[in-house]
Amino acid sequence: MENKIIEALYPISFRKDDAATLGQHLKNRNNVVLIGIKRVGISNFLRFFLNHQGIAKTYIADGSSHLFIPVDLNDLVEREIFPFWILTLKRIVDSVENSVLQEPTKKYIERLFLDSMQSKDTFLTIENIKKSLAKITNENVLPTIFLIRFDRLKEIITSELFGNLQGLKDAANQKVSYVFTSFRGLTDLAPEIFTKSSISLFAQNMYIKPAEYKDTQIIFDTYKTKYTLALSDSLKDSLFEIVDGYVQYLQLALISLHESDVRLKNKAEILDFLSKDERIILQSEELWESLNSIEQGVLLKIEKDLKITSEERKSATYLWDSGFISEEKGKSGVFSPLFSHYLKQRQITKGNAVSVDLSKKEHLLFTFLKSKINVICEREEIIEAVWSEVEELGVSDWAIDRLVARLRVKLKSQNAKFEIQTVKTRGYKMVEV
């Protein structure tokens, strides 16, 4: 069957250092936490790693059969324990179905899933996952469970969940590996559960930084035909310098350039054009809000070319580890001119009055919610109505919540007769007041 995932067609050299490091961890059956700036391109890298036929042979190379089980927690509508475990078991079933495992094994694991669905019992579901993984490893196949966007579970992480994750490895004689993806390490997500001492024995951190030029070129080449862009080599290089390997900036930039008829002549014009795009501004804001106050302060000092103390460097090490700050010729600098521009504008507009006029996205959201007044609008529906042009790239929960928050403030400022109510785990509803 033809693989329609575009990253599966990337050259095997794509992000080769990251692929080699992750491959070595899996060869050693380690658990790994892939950490990176929000939307930096971890999902893009994993789609390549999970689907390229040459990965195991090139980067793991241990002669074993490997089964990759991606569990994308963006698919989790209800962020609760049972839905998490049943989704995990369902993804095991899906991966097994397309594997080299024997037919009786496939049917056995499918029956376990159906039993779990019927019972809706969390304990039974976890036991069935254990049985599934044990059955897989008994056929000399090594499973790796990729828990993508594990940070979405932040509110429901408990010591029991941690214990069950460890228990799955024990049930499979330590032949199961986990790959977690998160914009922060596990100790930051739930420090009372994932203590530094316990996590040092459980998983190793691996940072995914913005892509290098050659890898950005690969991503660009896969999208340029779709967006019918014809950029000269000099303009393409300028675009690459502006997005600086940050995949979400690159994808949004390509969409923005595709939508516009404007002809840009140089780097300054490209930067000016993209820095005014509401989607890019919102993405920059999400990056800023993902940092704590100490990190924000250090970032602003770097932007202003002020000296950073050793204590500040130690407290904000995440900025360097993740690639928010890069070192060139011994000098620290903020990644991406787009993000640097956002920081400058933030300082300029800080404390100034904000317009109560609706932006394009706010207007789309208002129009959609009003058309469904008194009806719950699921997050997926909101994405389709407001971000249809980037729907396939994914829209974060933060972006939706932030846009709603902005619209609420403006409706209140305008003394509008509408109010937006939050419907927990589902979405939003507009009512008339």
# chains A, B, ... in the order shown; residues from 1 in each chain; ligands from 1
>>> residues_around(residues="Arg406 (chain A)", least_positions_apart="4", cutoff="12 Å", atoms="only C-alpha atoms", output="list in words")
Leu282, Val354, Ser355, Val356, Asp357, Leu358, Ser359, Lys361, Glu362, His363, Leu365, Phe366, Ala399, Ile400, Asp401, Arg402, Lys410, Leu411, Lys412, Ser413 and Ile420 of chain A
>>> atom_distance(atom1="CA of Tyr59 (chain A)", atom2="CA of Lys130 (chain A)")
27.4 Å
>>> select_by_dssp(residues="region 12-158 of chain A", states="alpha helix (DSSP H)", output="CSV table (one decimal) with C-alpha atoms, in the first residue's frame")
chain,number,residue,atom,x,y,z
A,16,LYS,CA,20.5,12.7,10.6
A,17,ASP,CA,22.1,13.6,14.0
A,18,ASP,CA,18.7,13.6,15.7
A,19,ALA,CA,17.7,10.3,14.0
A,20,ALA,CA,21.0,8.7,14.9
A,21,THR,CA,20.7,9.7,18.6
A,22,LEU,CA,17.1,8.5,18.8
A,23,GLY,CA,18.0,5.3,17.0
A,24,GLN,CA,20.8,4.5,19.5
A,25,HIS,CA,18.4,5.1,22.4
A,26,LEU,CA,15.9,2.6,20.9
A,27,LYS,CA,18.7,0.1,20.2
A,42,ILE,CA,9.1,17.4,16.5
A,43,SER,CA,6.0,16.0,14.8
A,44,ASN,CA,7.5,16.6,11.4
A,45,PHE,CA,10.7,14.7,12.5
A,46,LEU,CA,8.6,11.9,14.0
A,47,ARG,CA,6.5,11.4,10.9
A,48,PHE,CA,9.8,10.9,9.1
A,49,PHE,CA,11.2,8.6,11.7
A,50,LEU,CA,8.0,6.6,12.1
A,51,ASN,CA,7.3,6.1,8.4
A,55,ILE,CA,15.0,4.1,9.6
A,81,ILE,CA,-7.2,8.4,32.4
A,82,PHE,CA,-9.5,5.8,30.8
A,83,PRO,CA,-9.6,7.6,27.4
A,84,PHE,CA,-5.8,7.8,27.5
A,85,TRP,CA,-5.4,4.1,28.1
A,86,ILE,CA,-8.1,3.0,25.6
A,87,LEU,CA,-6.5,5.2,22.9
A,88,THR,CA,-3.1,3.6,23.6
A,89,LEU,CA,-4.6,0.1,23.2
A,90,LYS,CA,-6.4,1.2,20.0
A,91,ARG,CA,-3.1,2.5,18.6
A,92,ILE,CA,-1.4,-0.8,19.5
A,93,VAL,CA,-4.2,-2.6,17.5
A,94,ASP,CA,-3.7,-0.3,14.6
A,95,SER,CA,0.1,-0.8,14.5
A,96,VAL,CA,-0.2,-4.5,14.9
A,97,GLU,CA,-2.7,-4.8,12.1
A,103,GLU,CA,-2.6,-13.4,12.2
A,104,PRO,CA,-3.5,-15.2,15.5
A,105,THR,CA,-1.6,-12.5,17.4
A,106,LYS,CA,-3.5,-9.7,15.6
A,107,LYS,CA,-6.8,-11.3,16.4
A,108,TYR,CA,-5.9,-11.9,20.0
A,109,ILE,CA,-4.9,-8.2,20.6
A,110,GLU,CA,-8.0,-7.0,18.7
A,111,ARG,CA,-10.2,-9.1,21.1
A,112,LEU,CA,-8.4,-7.6,24.1
A,113,PHE,CA,-9.3,-4.1,22.8
A,114,LEU,CA,-13.0,-5.1,22.2
A,115,ASP,CA,-13.2,-6.5,25.7
A,116,SER,CA,-11.8,-3.2,27.1
A,117,MET,CA,-14.2,-1.1,25.1
A,118,GLN,CA,-17.1,-3.2,26.3
A,119,SER,CA,-16.1,-3.2,30.0
A,122,THR,CA,-9.4,1.1,33.4
A,123,PHE,CA,-7.7,-1.7,35.3
A,124,LEU,CA,-8.8,-4.3,32.7
A,125,THR,CA,-7.6,-2.0,29.9
A,126,ILE,CA,-4.1,-1.6,31.4
A,127,GLU,CA,-3.9,-5.4,31.9
A,128,ASN,CA,-4.9,-5.9,28.3
A,129,ILE,CA,-2.2,-3.5,27.2
A,130,LYS,CA,0.3,-5.6,29.2
A,131,LYS,CA,-0.9,-8.8,27.6
A,132,SER,CA,-0.7,-7.2,24.1
A,133,LEU,CA,2.9,-6.0,24.6
A,134,ALA,CA,3.9,-9.4,26.1
A,135,LYS,CA,2.4,-11.2,23.1
A,136,ILE,CA,4.3,-8.9,20.7
A,137,THR,CA,7.6,-9.3,22.4
A,138,ASN,CA,7.1,-13.1,22.6
>>> select_by_dssp(residues="region 42-227 of chain A", states="strand (DSSP E or B)", output="short mmCIF file (atom, residue, chain, number, x, y, z; two decimals) with C-alpha atoms, in the first residue's frame")
data_model
loop_
_atom_site.label_atom_id
_atom_site.label_comp_id
_atom_site.auth_asym_id
_atom_site.auth_seq_id
_atom_site.Cartn_x
_atom_site.Cartn_y
_atom_site.Cartn_z
CA SER A 65 12.18 -6.37 14.21
CA HIS A 66 10.78 -3.12 15.56
CA LEU A 67 7.15 -2.08 15.91
CA PHE A 68 6.53 1.66 16.21
CA ILE A 69 3.26 2.54 17.95
CA PRO A 70 2.39 6.26 17.61
CA VAL A 71 -0.17 7.51 20.15
CA ASP A 72 -0.96 11.09 19.20
CA VAL A 141 9.31 -7.95 17.93
CA LEU A 142 10.40 -4.90 19.92
CA PRO A 143 7.62 -2.34 20.47
CA THR A 144 8.20 1.37 20.98
CA ILE A 145 5.26 3.51 22.13
CA PHE A 146 5.48 7.13 20.99
CA LEU A 147 3.39 9.26 23.35
CA ILE A 148 3.13 12.37 21.18
CA SER A 177 10.53 1.60 25.04
CA TYR A 178 8.69 4.92 25.34
CA VAL A 179 9.30 8.07 23.37
CA PHE A 180 7.53 11.04 24.96
CA THR A 181 7.28 14.36 23.17
CA SER A 182 6.81 17.55 25.11
CA GLN A 204 16.64 10.44 29.11
CA ASN A 205 16.06 13.90 27.72
CA MET A 206 16.80 14.65 24.06
CA TYR A 207 16.37 18.20 22.74
#
>>> residues_around(residues="Leu338 (chain A)", least_positions_apart="5", cutoff="9 Å", atoms="only C-alpha atoms", output="list of chain:residue names")
A:Ile242, A:Val243, A:Asp244, A:Tyr249, A:Leu271, A:Leu274, A:Ser275, A:Ile280, A:Ile281, A:Ser284, A:Leu343
>>> residues_around(residues="region 370-375 of chain A", least_positions_apart="5", cutoff="7 Å", atoms="only C-alpha atoms", output="PyMOL selection string")
chain A and resi 429-431
>>> residues_around(residues="region 228-234 of chain A", least_positions_apart="3", cutoff="8 Å", atoms="only C-alpha atoms", output="count of residues only")
7
>>> closest_residue(among="A:Gln53, A:Ser159, A:Thr422, A:Ser64", to="Leu9 (chain A)", atoms="only C-alpha atoms")
A:Gln53
